[in-house]
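Working notes, structure below.
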Amino acid sequence: MVTMKKIKKLYGGNICRQCINKTYKTHLVHTNCQYDQIYASLCPRCNEMKNIVTGFKLSGFLKLLFK
């Protein structure tokens with residue numbers, strides 16, 4: 001199961017939704033994720049300015065349950 005704790009440990013911080021989808025082969029959409037800030041931040045994985053995921057809503061958690 002993918003958790004934010006696992007992602008933080010692997011990448012040294014939270015990453016963007018696109019990187020989560022590529023890394024774990026998931027199909028998360030904007031409504032599946034929780035974002036901390038309104039403004040974009042630098043993603044530690046892809047080094048691009050994007051909205052960083054800080055948590056998952058129930059629908060996102062269920063999609064990641066078996067990954």
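Ligands are numbered from 1 in the order shown, residues from 1 within each chain, and chains are lettered A, B, ... in the order they appear in the structure tokens.
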
Give me, as number ranges by chain, all polymer residues having an atom no more than 10 Å from His27 (chain A), counting only C-alpha atoms and skipping those fewer than 5 positions away in the same chain.
A: 17-18, 20-22, 32, 60, 63-64

Going by DSSP on the backbone, which bits of region 20-54 of chain A are strand (DSSP E or B)? Write them as a ChimeraX atom specification, please.
/A:33-35,41-42,49-50,52-54

Could you turn the residues from that selection into a file that holds C-alpha atoms, as a PDB file, in the first residue's frame?
ATOM      1  CA  CYS A  33      -5.849  14.150  -3.416  1.00  0.00           C
ATOM      2  CA  GLN A  34      -5.439  16.768  -0.709  1.00  0.00           C
ATOM      3  CA  TYR A  35      -3.179  19.733  -1.385  1.00  0.00           C
ATOM      4  CA  SER A  41       5.845  24.214  -5.238  1.00  0.00           C
ATOM      5  CA  LEU A  42       8.895  22.395  -6.526  1.00  0.00           C
ATOM      6  CA  MET A  49       6.633  23.610 -10.182  1.00  0.00           C
ATOM      7  CA  LYS A  50       3.389  21.724  -9.481  1.00  0.00           C
ATOM      8  CA  ILE A  52       2.156  18.988  -4.163  1.00  0.00           C
ATOM      9  CA  VAL A  53      -0.016  16.216  -2.687  1.00  0.00           C
ATOM     10  CA  THR A  54      -0.057  16.148   1.122  1.00  0.00           C
TER      11      THR A  54
END

Among the residues A:Met4, A:Cys16, A:Val29, A:Leu65, the one that comes closest to Asn51 (chain A) [using only C-alpha atoms]:
A:Cys16

Surrounding residues of Arg45 (chain A) excluding itself and chain neighbours under 5 positions, 10 Å, only C-alpha atoms, as a list in words
Leu10, Tyr11, Gly12, Gly13, Asn14, Ile15, Cys16, Cys19, Ile20 and Thr23 of chain A

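Interatomic distance, CA of Phe66 (chain A) to CA of Gln37 (chain A): 27.9 Å.
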
Tell me which of A:Lys6, A:Gly55, A:Met1, A:Lys67 sits closest to Thr31 (chain A), counting only C-alpha atoms.
A:Gly55

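The space separating CA of Tyr24 (chain A) from CA of Ile7 (chain A) comes to 10.4 Å.
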
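Pairwise distance (CA of Thr26 (chain A), CA of Glu48 (chain A)) equals 19.9 Å.
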
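Restricting the calculation to only C-alpha atoms, the smallest distance between Lys25 (chain A) and any of A:Phe56, A:Leu62, A:Val2, A:Lys9 is found for A:Val2.
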